[in-house]
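Data file: work_1.pdb. Format and content: PDB, N, CA and C atoms.
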ATOM      1  N   MET A  18      17.576   6.854  18.481
ATOM      2  CA  MET A  18      17.241   5.505  18.079
ATOM      3  C   MET A  18      16.083   5.519  17.085
ATOM      4  N   ARG A  19      15.138   6.437  17.281
ATOM      5  CA  ARG A  19      13.991   6.525  16.385
ATOM      6  C   ARG A  19      14.441   6.839  14.965
ATOM      7  N   SER A  20      15.411   7.746  14.821
ATOM      8  CA  SER A  20      15.883   8.103  13.484
ATOM      9  C   SER A  20      16.586   6.913  12.824
ATOM     10  N   LEU A  21      17.251   6.073  13.606
ATOM     11  CA  LEU A  21      17.881   4.879  13.052
ATOM     12  C   LEU A  21      16.824   3.916  12.512
ATOM     13  N   ILE A  22      15.749   3.720  13.254
ATOM     14  CA  ILE A  22      14.666   2.833  12.810
ATOM     15  C   ILE A  22      14.040   3.384  11.534
ATOM     16  N   VAL A  23      13.802   4.689  11.494
ATOM     17  CA  VAL A  23      13.213   5.309  10.305
ATOM     18  C   VAL A  23      14.148   5.136   9.112
ATOM     19  N   LEU A  24      15.459   5.313   9.322
ATOM     20  CA  LEU A  24      16.427   5.131   8.243
ATOM     21  C   LEU A  24      16.447   3.689   7.740
ATOM     22  N   VAL A  25      16.388   2.724   8.649
ATOM     23  CA  VAL A  25      16.373   1.319   8.246
ATOM     24  C   VAL A  25      15.124   1.023   7.426
ATOM     25  N   LEU A  26      13.961   1.478   7.908
ATOM     26  CA  LEU A  26      12.717   1.234   7.180
ATOM     27  C   LEU A  26      12.727   1.905   5.816
ATOM     28  N   LEU A  27      13.244   3.129   5.732
ATOM     29  CA  LEU A  27      13.338   3.823   4.456
ATOM     30  C   LEU A  27      14.274   3.080   3.505
ATOM     31  N   GLY A  28      15.396   2.604   4.016
ATOM     32  CA  GLY A  28      16.331   1.842   3.191
ATOM     33  C   GLY A  28      15.713   0.555   2.676
ATOM     34  N   VAL A  29      14.916  -0.101   3.514
ATOM     35  CA  VAL A  29      14.245  -1.332   3.098
ATOM     36  C   VAL A  29      13.277  -1.052   1.966
ATOM     37  N   VAL A  30      12.493   0.023   2.112
ATOM     38  CA  VAL A  30      11.522   0.367   1.076
ATOM     39  C   VAL A  30      12.236   0.685  -0.234
ATOM     40  N   LEU A  31      13.302   1.475  -0.173
ATOM     41  CA  LEU A  31      14.035   1.825  -1.386
ATOM     42  C   LEU A  31      14.720   0.613  -2.004
ATOM     43  N   ALA A  32      15.265  -0.266  -1.170
ATOM     44  CA  ALA A  32      15.926  -1.465  -1.691
ATOM     45  C   ALA A  32      14.925  -2.392  -2.365
ATOM     46  N   ALA A  33      13.739  -2.491  -1.797
ATOM     47  CA  ALA A  33      12.720  -3.368  -2.384
ATOM     48  C   ALA A  33      12.175  -2.788  -3.687
ATOM     49  N   ALA A  34      12.153  -1.460  -3.802
ATOM     50  CA  ALA A  34      11.581  -0.819  -4.992
ATOM     51  C   ALA A  34      12.585  -0.714  -6.136
ATOM     52  N   ALA A  35      13.869  -0.698  -5.821
ATOM     53  CA  ALA A  35      14.896  -0.510  -6.852
ATOM     54  C   ALA A  35      15.136  -1.804  -7.624
ATOM     55  N   PRO A  36      15.369  -1.697  -8.926
ATOM     56  CA  PRO A  36      15.692  -2.904  -9.691
ATOM     57  C   PRO A  36      17.072  -3.428  -9.289
ATOM     58  N   SER A  37      17.216  -4.713  -9.245
ATOM     59  CA  SER A  37      18.478  -5.324  -8.839
ATOM     60  C   SER A  37      19.478  -5.304  -9.991
ATOM     61  N   PRO A  38      20.693  -4.811  -9.768
ATOM     62  CA  PRO A  38      21.710  -4.845 -10.819
ATOM     63  C   PRO A  38      22.268  -6.257 -11.010
ATOM     64  N   PHE A  39      21.886  -7.196 -10.167
ATOM     65  CA  PHE A  39      22.420  -8.549 -10.208
ATOM     66  C   PHE A  39      21.497  -9.526 -10.924
ATOM     67  N   GLN A  40      20.487  -9.044 -11.621
ATOM     68  CA  GLN A  40      19.583  -9.918 -12.353
ATOM     69  C   GLN A  40      20.322 -10.542 -13.535
ATOM     70  N   PRO A  41      20.184 -11.853 -13.740
ATOM     71  CA  PRO A  41      20.825 -12.459 -14.901
ATOM     72  C   PRO A  41      20.128 -12.023 -16.186
ATOM     73  N   THR A  42      20.919 -11.814 -17.241
ATOM     74  CA  THR A  42      20.339 -11.406 -18.518
ATOM     75  C   THR A  42      20.082 -12.610 -19.411
ATOM     76  N   VAL A  43      20.738 -13.721 -19.142
ATOM     77  CA  VAL A  43      20.488 -14.957 -19.890
ATOM     78  C   VAL A  43      20.136 -16.054 -18.898
ATOM     79  N   ARG A  44      19.410 -17.031 -19.364
ATOM     80  CA  ARG A  44      18.997 -18.126 -18.506
ATOM     81  C   ARG A  44      20.185 -19.025 -18.173
ATOM     82  N   GLN A  45      20.342 -19.342 -16.890
ATOM     83  CA  GLN A  45      21.417 -20.213 -16.439
ATOM     84  C   GLN A  45      20.956 -21.667 -16.506
ATOM     85  N   PRO A  46      21.843 -22.612 -16.859
ATOM     86  CA  PRO A  46      21.444 -24.020 -16.855
ATOM     87  C   PRO A  46      21.195 -24.493 -15.427
ATOM     88  N   GLY A  47      20.400 -25.523 -15.295
ATOM     89  CA  GLY A  47      20.100 -26.074 -13.979
ATOM     90  C   GLY A  47      18.640 -25.888 -13.637
ATOM     91  N   PRO A  48      18.270 -26.243 -12.407
ATOM     92  CA  PRO A  48      16.865 -26.136 -12.019
ATOM     93  C   PRO A  48      16.393 -24.690 -12.032
ATOM     94  N   ALA A  49      15.188 -24.490 -12.501
ATOM     95  CA  ALA A  49      14.630 -23.135 -12.600
ATOM     96  C   ALA A  49      14.204 -22.628 -11.223
ATOM     97  N   ARG A  50      14.497 -21.384 -10.947
ATOM     98  CA  ARG A  50      14.052 -20.728  -9.716
ATOM     99  C   ARG A  50      12.939 -19.764 -10.095
ATOM    100  N   GLN A  51      11.957 -19.660  -9.239
ATOM    101  CA  GLN A  51      10.802 -18.830  -9.543
ATOM    102  C   GLN A  51      10.988 -17.367  -9.128
ATOM    103  N   ASP A  52      11.834 -17.085  -8.153
ATOM    104  CA  ASP A  52      11.905 -15.734  -7.605
ATOM    105  C   ASP A  52      13.330 -15.179  -7.580
ATOM    106  N   HIS A  53      13.849 -14.787  -8.757
ATOM    107  CA  HIS A  53      15.179 -14.196  -8.825
ATOM    108  C   HIS A  53      15.176 -12.747  -8.364
ATOM    109  N   GLY A  54      14.038 -12.082  -8.387
ATOM    110  CA  GLY A  54      13.969 -10.663  -8.073
ATOM    111  C   GLY A  54      13.998 -10.376  -6.592
ATOM    112  N   ARG A  55      14.140  -9.113  -6.309
ATOM    113  CA  ARG A  55      14.094  -8.679  -4.924
ATOM    114  C   ARG A  55      12.657  -8.695  -4.445
ATOM    115  N   ARG A  56      12.507  -8.870  -3.152
ATOM    116  CA  ARG A  56      11.172  -8.829  -2.567
ATOM    117  C   ARG A  56      11.242  -8.074  -1.253
ATOM    118  N   GLY A  57      10.116  -7.510  -0.857
ATOM    119  CA  GLY A  57      10.064  -6.762   0.381
ATOM    120  C   GLY A  57       8.630  -6.491   0.779
ATOM    121  N   GLU A  58       8.463  -5.967   1.982
ATOM    122  CA  GLU A  58       7.134  -5.646   2.474
ATOM    123  C   GLU A  58       7.204  -4.551   3.526
ATOM    124  N   VAL A  59       6.129  -3.790   3.620
ATOM    125  CA  VAL A  59       5.994  -2.746   4.622
ATOM    126  C   VAL A  59       4.576  -2.854   5.165
ATOM    127  N   SER A  60       4.420  -2.769   6.471
ATOM    128  CA  SER A  60       3.085  -2.818   7.063
ATOM    129  C   SER A  60       3.055  -1.983   8.332
ATOM    130  N   GLY A  61       1.881  -1.688   8.787
ATOM    131  CA  GLY A  61       1.716  -0.924  10.011
ATOM    132  C   GLY A  61       0.268  -0.934  10.441
ATOM    133  N   GLY A  62       0.017  -0.344  11.579
ATOM    134  CA  GLY A  62      -1.354  -0.304  12.047
ATOM    135  C   GLY A  62      -1.488   0.360  13.392
ATOM    136  N   ILE A  63      -2.723   0.418  13.835
ATOM    137  CA  ILE A  63      -3.066   0.975  15.142
ATOM    138  C   ILE A  63      -3.947  -0.052  15.833
ATOM    139  N   ASP A  64      -3.587  -0.429  17.050
ATOM    140  CA  ASP A  64      -4.346  -1.413  17.826
ATOM    141  C   ASP A  64      -4.686  -0.844  19.189
ATOM    142  N   ARG A  65      -5.829  -1.243  19.701
ATOM    143  CA  ARG A  65      -6.195  -0.921  21.086
ATOM    144  C   ARG A  65      -6.078  -2.194  21.887
ATOM    145  N   GLN A  66      -5.216  -2.180  22.900
ATOM    146  CA  GLN A  66      -4.985  -3.360  23.722
ATOM    147  C   GLN A  66      -5.469  -3.104  25.129
ATOM    148  N   LYS A  67      -6.316  -3.984  25.622
ATOM    149  CA  LYS A  67      -6.889  -3.847  26.954
ATOM    150  C   LYS A  67      -5.782  -3.836  28.008
ATOM    151  N   GLY A  68      -5.825  -2.881  28.897
ATOM    152  CA  GLY A  68      -4.835  -2.765  29.952
ATOM    153  C   GLY A  68      -3.537  -2.106  29.523
ATOM    154  N   VAL A  69      -3.382  -1.818  28.247
ATOM    155  CA  VAL A  69      -2.156  -1.198  27.737
ATOM    156  C   VAL A  69      -2.466   0.174  27.166
ATOM    157  N   GLY A  70      -3.347   0.226  26.162
ATOM    158  CA  GLY A  70      -3.708   1.468  25.511
ATOM    159  C   GLY A  70      -3.672   1.324  24.003
ATOM    160  N   THR A  71      -3.555   2.457  23.325
ATOM    161  CA  THR A  71      -3.522   2.477  21.864
ATOM    162  C   THR A  71      -2.074   2.387  21.395
ATOM    163  N   VAL A  72      -1.807   1.393  20.567
ATOM    164  CA  VAL A  72      -0.449   1.124  20.087
ATOM    165  C   VAL A  72      -0.378   1.411  18.589
ATOM    166  N   VAL A  73       0.595   2.233  18.189
ATOM    167  CA  VAL A  73       0.872   2.496  16.777
ATOM    168  C   VAL A  73       2.145   1.725  16.438
ATOM    169  N   HIS A  74       2.110   0.962  15.347
ATOM    170  CA  HIS A  74       3.268   0.125  15.017
ATOM    171  C   HIS A  74       3.485   0.061  13.515
ATOM    172  N   GLY A  75       4.732  -0.221  13.154
ATOM    173  CA  GLY A  75       5.100  -0.386  11.753
ATOM    174  C   GLY A  75       6.263  -1.337  11.638
ATOM    175  N   ARG A  76       6.348  -2.003  10.500
ATOM    176  CA  ARG A  76       7.460  -2.910  10.239
ATOM    177  C   ARG A  76       7.734  -2.953   8.757
ATOM    178  N   GLY A  77       8.945  -3.295   8.415
ATOM    179  CA  GLY A  77       9.317  -3.422   7.012
ATOM    180  C   GLY A  77      10.514  -4.328   6.872
ATOM    181  N   SER A  78      10.599  -4.987   5.743
ATOM    182  CA  SER A  78      11.763  -5.812   5.443
ATOM    183  C   SER A  78      11.897  -5.922   3.932
ATOM    184  N   GLY A  79      13.090  -6.187   3.485
ATOM    185  CA  GLY A  79      13.328  -6.309   2.053
ATOM    186  C   GLY A  79      14.718  -6.828   1.775
ATOM    187  N   ASP A  80      14.895  -7.288   0.551
ATOM    188  CA  ASP A  80      16.191  -7.806   0.143
ATOM    189  C   ASP A  80      17.154  -6.657  -0.116
ATOM    190  N   ALA A  81      18.286  -6.699   0.549
ATOM    191  CA  ALA A  81      19.332  -5.710   0.322
ATOM    192  C   ALA A  81      20.254  -6.158  -0.804
ATOM    193  N   TRP A  82      20.358  -7.479  -0.989
ATOM    194  CA  TRP A  82      21.217  -8.031  -2.037
ATOM    195  C   TRP A  82      20.700  -9.402  -2.447
ATOM    196  N   VAL A  83      20.743  -9.693  -3.747
ATOM    197  CA  VAL A  83      20.372 -11.004  -4.296
ATOM    198  C   VAL A  83      21.466 -11.418  -5.279
ATOM    199  N   SER A  84      21.929 -12.661  -5.180
ATOM    200  CA  SER A  84      22.978 -13.138  -6.077
ATOM    201  C   SER A  84      22.451 -13.257  -7.498
ATOM    202  N   ARG A  85      23.365 -13.375  -8.434
ATOM    203  CA  ARG A  85      22.986 -13.468  -9.849
ATOM    204  C   ARG A  85      22.083 -14.662 -10.137
ATOM    205  N   ASP A  86      22.337 -15.786  -9.480
ATOM    206  CA  ASP A  86      21.524 -16.973  -9.738
ATOM    207  C   ASP A  86      20.282 -17.050  -8.849
ATOM    208  N   GLY A  87      20.134 -16.113  -7.934
ATOM    209  CA  GLY A  87      18.954 -16.081  -7.072
ATOM    210  C   GLY A  87      19.003 -17.055  -5.911
ATOM    211  N   ASN A  88      20.097 -17.779  -5.736
ATOM    212  CA  ASN A  88      20.192 -18.764  -4.668
ATOM    213  C   ASN A  88      20.583 -18.158  -3.321
ATOM    214  N   THR A  89      21.196 -16.989  -3.337
ATOM    215  CA  THR A  89      21.640 -16.349  -2.102
ATOM    216  C   THR A  89      21.058 -14.951  -2.033
ATOM    217  N   ARG A  90      20.560 -14.594  -0.856
ATOM    218  CA  ARG A  90      20.025 -13.245  -0.664
ATOM    219  C   ARG A  90      20.263 -12.780   0.768
ATOM    220  N   VAL A  91      20.389 -11.464   0.927
ATOM    221  CA  VAL A  91      20.507 -10.847   2.242
ATOM    222  C   VAL A  91      19.260  -9.993   2.439
ATOM    223  N   ASN A  92      18.539 -10.248   3.522
ATOM    224  CA  ASN A  92      17.307  -9.542   3.823
ATOM    225  C   ASN A  92      17.512  -8.736   5.100
ATOM    226  N   VAL A  93      17.065  -7.476   5.105
ATOM    227  CA  VAL A  93      17.153  -6.627   6.291
ATOM    228  C   VAL A  93      15.766  -6.089   6.612
ATOM    229  N   GLY A  94      15.553  -5.774   7.868
ATOM    230  CA  GLY A  94      14.252  -5.231   8.248
ATOM    231  C   GLY A  94      14.263  -4.684   9.655
ATOM    232  N   GLY A  95      13.155  -4.084  10.008
ATOM    233  CA  GLY A  95      13.022  -3.529  11.340
ATOM    234  C   GLY A  95      11.568  -3.318  11.693
ATOM    235  N   HIS A  96      11.321  -3.109  12.990
ATOM    236  CA  HIS A  96       9.978  -2.809  13.455
ATOM    237  C   HIS A  96      10.035  -1.782  14.577
ATOM    238  N   TYR A  97       8.937  -1.046  14.735
ATOM    239  CA  TYR A  97       8.842  -0.038  15.781
ATOM    240  C   TYR A  97       7.392   0.068  16.220
ATOM    241  N   GLY A  98       7.173   0.145  17.503
ATOM    242  CA  GLY A  98       5.839   0.331  18.042
ATOM    243  C   GLY A  98       5.892   1.226  19.263
ATOM    244  N   ARG A  99       4.813   1.973  19.479
ATOM    245  CA  ARG A  99       4.762   2.872  20.624
ATOM    246  C   ARG A  99       3.339   2.992  21.115
ATOM    247  N   VAL A 100       3.179   2.981  22.435
ATOM    248  CA  VAL A 100       1.870   3.192  23.040
ATOM    249  C   VAL A 100       1.646   4.697  23.115
ATOM    250  N   VAL A 101       0.592   5.190  22.438
ATOM    251  CA  VAL A 101       0.364   6.631  22.348
ATOM    252  C   VAL A 101      -0.673   7.134  23.348
ATOM    253  N   SER A 102      -1.482   6.241  23.911
ATOM    254  CA  SER A 102      -2.433   6.644  24.951
ATOM    255  C   SER A 102      -2.783   5.429  25.791
ATOM    256  N   GLY A 103      -3.219   5.686  27.016
ATOM    257  CA  GLY A 103      -3.599   4.600  27.913
ATOM    258  C   GLY A 103      -2.622   4.452  29.060
ATOM    259  N   PRO A 104      -2.805   3.410  29.862
ATOM    260  CA  PRO A 104      -1.984   3.210  31.061
ATOM    261  C   PRO A 104      -0.484   3.060  30.784
ATOM    262  N   ALA A 105      -0.120   2.517  29.644
ATOM    263  CA  ALA A 105       1.303   2.307  29.324
ATOM    264  C   ALA A 105       1.826   3.349  28.347
ATOM    265  N   LYS A 106       1.230   4.536  28.324
ATOM    266  CA  LYS A 106       1.628   5.578  27.369
ATOM    267  C   LYS A 106       3.139   5.818  27.404
ATOM    268  N   GLY A 107       3.733   5.863  26.225
ATOM    269  CA  GLY A 107       5.168   6.111  26.103
ATOM    270  C   GLY A 107       6.012   4.855  25.953
ATOM    271  N   ALA A 108       5.456   3.681  26.252
ATOM    272  CA  ALA A 108       6.225   2.437  26.115
ATOM    273  C   ALA A 108       6.554   2.197  24.640
ATOM    274  N   LYS A 109       7.779   1.703  24.387
ATOM    275  CA  LYS A 109       8.245   1.480  23.013
ATOM    276  C   LYS A 109       8.689   0.036  22.830
ATOM    277  N   ASP A 110       8.615  -0.418  21.598
ATOM    278  CA  ASP A 110       9.137  -1.720  21.214
ATOM    279  C   ASP A 110       9.760  -1.546  19.837
ATOM    280  N   TYR A 111      11.022  -1.911  19.679
ATOM    281  CA  TYR A 111      11.685  -1.756  18.394
ATOM    282  C   TYR A 111      12.758  -2.816  18.231
ATOM    283  N   GLY A 112      13.140  -3.051  17.005
ATOM    284  CA  GLY A 112      14.183  -4.030  16.742
ATOM    285  C   GLY A 112      14.450  -4.140  15.252
ATOM    286  N   GLY A 113      15.389  -4.975  14.904
ATOM    287  CA  GLY A 113      15.740  -5.164  13.513
ATOM    288  C   GLY A 113      16.393  -6.511  13.303
ATOM    289  N   HIS A 114      16.607  -6.842  12.029
ATOM    290  CA  HIS A 114      17.250  -8.103  11.716
ATOM    291  C   HIS A 114      18.027  -8.004  10.404
ATOM    292  N   VAL A 115      19.014  -8.865  10.280
ATOM    293  CA  VAL A 115      19.732  -9.094   9.035
ATOM    294  C   VAL A 115      19.742 -10.605   8.851
ATOM    295  N   ASN A 116      19.276 -11.063   7.700
ATOM    296  CA  ASN A 116      19.136 -12.496   7.464
ATOM    297  C   ASN A 116      19.856 -12.872   6.156
ATOM    298  N   LEU A 117      20.686 -13.904   6.219
ATOM    299  CA  LEU A 117      21.361 -14.441   5.029
ATOM    300  C   LEU A 117      20.702 -15.770   4.690
ATOM    301  N   GLU A 118      20.212 -15.898   3.448
ATOM    302  CA  GLU A 118      19.553 -17.132   3.010
ATOM    303  C   GLU A 118      20.276 -17.674   1.787
ATOM    304  N   HIS A 119      20.566 -18.975   1.808
ATOM    305  CA  HIS A 119      21.180 -19.631   0.640
ATOM    306  C   HIS A 119      20.459 -20.943   0.376
ATOM    307  N   ARG A 120      20.092 -21.168  -0.862
ATOM    308  CA  ARG A 120      19.437 -22.414  -1.275
ATOM    309  C   ARG A 120      20.456 -23.321  -1.930
ATOM    310  N   PHE A 121      20.497 -24.556  -1.492
ATOM    311  CA  PHE A 121      21.445 -25.543  -2.036
ATOM    312  C   PHE A 121      20.782 -26.358  -3.113
TER
END
So, in terms of C-alpha cells, how does the structure I just supplied come out?
Amino acid sequence: MRSLIVLVLLGVVLAAAAPSPFQPTVRQPGPARQDHGRRGEVSGGIDRQKGVGTVVHGRGSGDAWVSRDGNTRVNVGGHYGRVVSGPAKGAKDYGGHVNLEHRF
C-alpha cells in the first residue's frame, strides 16, 4: 500500500509540473477564465502530538487533466502519515481522492 501512495504522489507531482497538451493556442470567445493551466501542490511535515507521539506526514494533489477551455478538470491526490515514535508508534493514516470539477 505504501508503494501505491508513493506512486500516486509522484504522479501528482509530475502531472502538476508537466505542461498541459490541452492548452488553447488562440483565445476562445466568451467570458475570460483566469486559470487555464494545471495546478497542484505538495506538502509535508513532522508534528509532535501529546498522547500519540511524533507523526510524519505528506500530501499532494494536482490536475491530471484540464479541458481546452479550462472549464473542466480532473484532480487527483493522496496523503500518508505515520507515527514514528511515542505511544502510538506504527499507526498509519492514508487515503486518496479523484475529483471532477466543471464550471458552468
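Closest approach to Val72 of chain A from the set A:Gly87, A:Gly94, A:Gly103, A:Gly54 is made by A:Gly103, with distances taken over all atoms listed in the file.
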Fill in: the PyMOL selection byres ((chain A and resi 70) around 6.5) applied to the shown file, residues as an NGL selection string
:A and (64-69 or 71-72 or 100-106)
Where does the PyMOL selection byres ((chain A and resi 92) around 7) land in this file, that is, which residues does it pick, as an mmCIF file with N, CA and C atoms, in the coordinates of the input?
data_model
loop_
_atom_site.group_PDB
_atom_site.id
_atom_site.type_symbol
_atom_site.label_atom_id
_atom_site.label_comp_id
_atom_site.auth_asym_id
_atom_site.auth_seq_id
_atom_site.Cartn_x
_atom_site.Cartn_y
_atom_site.Cartn_z
ATOM 1 N N SER A 78 10.599 -4.987 5.743
ATOM 2 C CA SER A 78 11.763 -5.812 5.443
ATOM 3 C C SER A 78 11.897 -5.922 3.932
ATOM 4 N N GLY A 79 13.090 -6.187 3.485
ATOM 5 C CA GLY A 79 13.328 -6.309 2.053
ATOM 6 C C GLY A 79 14.718 -6.828 1.775
ATOM 7 N N ASP A 80 14.895 -7.288 0.551
ATOM 8 C CA ASP A 80 16.191 -7.806 0.143
ATOM 9 C C ASP A 80 17.154 -6.657 -0.116
ATOM 10 N N ALA A 81 18.286 -6.699 0.549
ATOM 11 C CA ALA A 81 19.332 -5.710 0.322
ATOM 12 C C ALA A 81 20.254 -6.158 -0.804
ATOM 13 N N TRP A 82 20.358 -7.479 -0.989
ATOM 14 C CA TRP A 82 21.217 -8.031 -2.037
ATOM 15 C C TRP A 82 20.700 -9.402 -2.447
ATOM 16 N N ARG A 90 20.560 -14.594 -0.856
ATOM 17 C CA ARG A 90 20.025 -13.245 -0.664
ATOM 18 C C ARG A 90 20.263 -12.780 0.768
ATOM 19 N N VAL A 91 20.389 -11.464 0.927
ATOM 20 C CA VAL A 91 20.507 -10.847 2.242
ATOM 21 C C VAL A 91 19.260 -9.993 2.439
ATOM 22 N N VAL A 93 17.065 -7.476 5.105
ATOM 23 C CA VAL A 93 17.153 -6.627 6.291
ATOM 24 C C VAL A 93 15.766 -6.089 6.612
ATOM 25 N N GLY A 94 15.553 -5.774 7.868
ATOM 26 C CA GLY A 94 14.252 -5.231 8.248
ATOM 27 C C GLY A 94 14.263 -4.684 9.655
ATOM 28 N N HIS A 114 16.607 -6.842 12.029
ATOM 29 C CA HIS A 114 17.250 -8.103 11.716
ATOM 30 C C HIS A 114 18.027 -8.004 10.404
ATOM 31 N N VAL A 115 19.014 -8.865 10.280
ATOM 32 C CA VAL A 115 19.732 -9.094 9.035
ATOM 33 C C VAL A 115 19.742 -10.605 8.851
ATOM 34 N N ASN A 116 19.276 -11.063 7.700
ATOM 35 C CA ASN A 116 19.136 -12.496 7.464
ATOM 36 C C ASN A 116 19.856 -12.872 6.156
ATOM 37 N N LEU A 117 20.686 -13.904 6.219
ATOM 38 C CA LEU A 117 21.361 -14.441 5.029
ATOM 39 C C LEU A 117 20.702 -15.770 4.690
ATOM 40 N N GLU A 118 20.212 -15.898 3.448
ATOM 41 C CA GLU A 118 19.553 -17.132 3.010
ATOM 42 C C GLU A 118 20.276 -17.674 1.787
#
Discussion item. Here is a test: counting all atoms listed in the file, which residue of A:Gly98, A:Gly62, A:Gly75, A:Gly57 is nearest to Asp110 of chain A?
Written reply: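 The closest residue to Asp110 of chain A is A:Gly98.
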Worksheet entry | Computed interatomic separation between atom N of Gly95 of chain A and atom CA of Val59 of chain A (Å) |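 Here the two named atoms are 9.1 Å from each other.
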Item to complete: Taking the file as shown, find all residues satisfying the PyMOL selection byres ((chain A and resi 121) around 7) and write them as a PyMOL selection string.
Response: chain A and resi 88+119-120
Worksheet item: Rounded to one decimal in Å, what is the spacing between atom CA of Ala108 of chain A and atom CA of Glu58 of chain A?
Response: 25.0 Å
Assuming the input is short of atoms at segment 71-78 of chain A, produce all heavy atoms for that part as a PDB file, in the coordinates of the input.
ATOM      1  N   THR A  71      -3.555   2.457  23.325  1.00  0.00           N
ATOM      2  CA  THR A  71      -3.522   2.477  21.864  1.00  0.00           C
ATOM      3  C   THR A  71      -2.074   2.387  21.395  1.00  0.00           C
ATOM      4  O   THR A  71      -1.238   3.195  21.775  1.00  0.00           O
ATOM      5  CB  THR A  71      -4.170   3.757  21.328  1.00  0.00           C
ATOM      6  OG1 THR A  71      -5.502   3.840  21.832  1.00  0.00           O
ATOM      7  CG2 THR A  71      -4.206   3.763  19.818  1.00  0.00           C
ATOM      8  N   VAL A  72      -1.807   1.393  20.567  1.00  0.00           N
ATOM      9  CA  VAL A  72      -0.449   1.124  20.087  1.00  0.00           C
ATOM     10  C   VAL A  72      -0.378   1.411  18.589  1.00  0.00           C
ATOM     11  O   VAL A  72      -1.188   0.915  17.819  1.00  0.00           O
ATOM     12  CB  VAL A  72      -0.053  -0.348  20.345  1.00  0.00           C
ATOM     13  CG1 VAL A  72       1.361  -0.615  19.845  1.00  0.00           C
ATOM     14  CG2 VAL A  72      -0.187  -0.698  21.812  1.00  0.00           C
ATOM     15  N   VAL A  73       0.595   2.233  18.189  1.00  0.00           N
ATOM     16  CA  VAL A  73       0.872   2.496  16.777  1.00  0.00           C
ATOM     17  C   VAL A  73       2.145   1.725  16.438  1.00  0.00           C
ATOM     18  O   VAL A  73       3.140   1.814  17.163  1.00  0.00           O
ATOM     19  CB  VAL A  73       1.068   4.009  16.524  1.00  0.00           C
ATOM     20  CG1 VAL A  73       1.438   4.263  15.079  1.00  0.00           C
ATOM     21  CG2 VAL A  73      -0.177   4.779  16.917  1.00  0.00           C
ATOM     22  N   HIS A  74       2.110   0.962  15.347  1.00  0.00           N
ATOM     23  CA  HIS A  74       3.268   0.125  15.017  1.00  0.00           C
ATOM     24  C   HIS A  74       3.485   0.061  13.515  1.00  0.00           C
ATOM     25  O   HIS A  74       2.569   0.291  12.726  1.00  0.00           O
ATOM     26  CB  HIS A  74       3.089  -1.287  15.577  1.00  0.00           C
ATOM     27  CG  HIS A  74       1.830  -1.957  15.117  1.00  0.00           C
ATOM     28  ND1 HIS A  74       1.765  -2.704  13.971  1.00  0.00           N
ATOM     29  CD2 HIS A  74       0.583  -1.964  15.645  1.00  0.00           C
ATOM     30  CE1 HIS A  74       0.537  -3.160  13.816  1.00  0.00           C
ATOM     31  NE2 HIS A  74      -0.214  -2.721  14.816  1.00  0.00           N
ATOM     32  N   GLY A  75       4.732  -0.221  13.154  1.00  0.00           N
ATOM     33  CA  GLY A  75       5.100  -0.386  11.753  1.00  0.00           C
ATOM     34  C   GLY A  75       6.263  -1.337  11.638  1.00  0.00           C
ATOM     35  O   GLY A  75       7.042  -1.499  12.571  1.00  0.00           O
ATOM     36  N   ARG A  76       6.348  -2.003  10.500  1.00  0.00           N
ATOM     37  CA  ARG A  76       7.460  -2.910  10.239  1.00  0.00           C
ATOM     38  C   ARG A  76       7.734  -2.953   8.757  1.00  0.00           C
ATOM     39  O   ARG A  76       6.856  -2.664   7.949  1.00  0.00           O
ATOM     40  CB  ARG A  76       7.197  -4.301  10.790  1.00  0.00           C
ATOM     41  CG  ARG A  76       6.145  -5.102  10.079  1.00  0.00           C
ATOM     42  CD  ARG A  76       6.015  -6.543  10.605  1.00  0.00           C
ATOM     43  NE  ARG A  76       5.928  -6.615  12.047  1.00  0.00           N
ATOM     44  CZ  ARG A  76       6.835  -7.222  12.837  1.00  0.00           C
ATOM     45  NH1 ARG A  76       7.885  -7.808  12.317  1.00  0.00           N
ATOM     46  NH2 ARG A  76       6.695  -7.240  14.139  1.00  0.00           N
ATOM     47  N   GLY A  77       8.945  -3.295   8.415  1.00  0.00           N
ATOM     48  CA  GLY A  77       9.317  -3.422   7.012  1.00  0.00           C
ATOM     49  C   GLY A  77      10.514  -4.328   6.872  1.00  0.00           C
ATOM     50  O   GLY A  77      11.311  -4.464   7.790  1.00  0.00           O
ATOM     51  N   SER A  78      10.599  -4.987   5.743  1.00  0.00           N
ATOM     52  CA  SER A  78      11.763  -5.812   5.443  1.00  0.00           C
ATOM     53  C   SER A  78      11.897  -5.922   3.932  1.00  0.00           C
ATOM     54  O   SER A  78      10.929  -5.723   3.196  1.00  0.00           O
ATOM     55  CB  SER A  78      11.643  -7.210   6.063  1.00  0.00           C
ATOM     56  OG  SER A  78      10.616  -7.940   5.449  1.00  0.00           O
TER      57      SER A  78
END
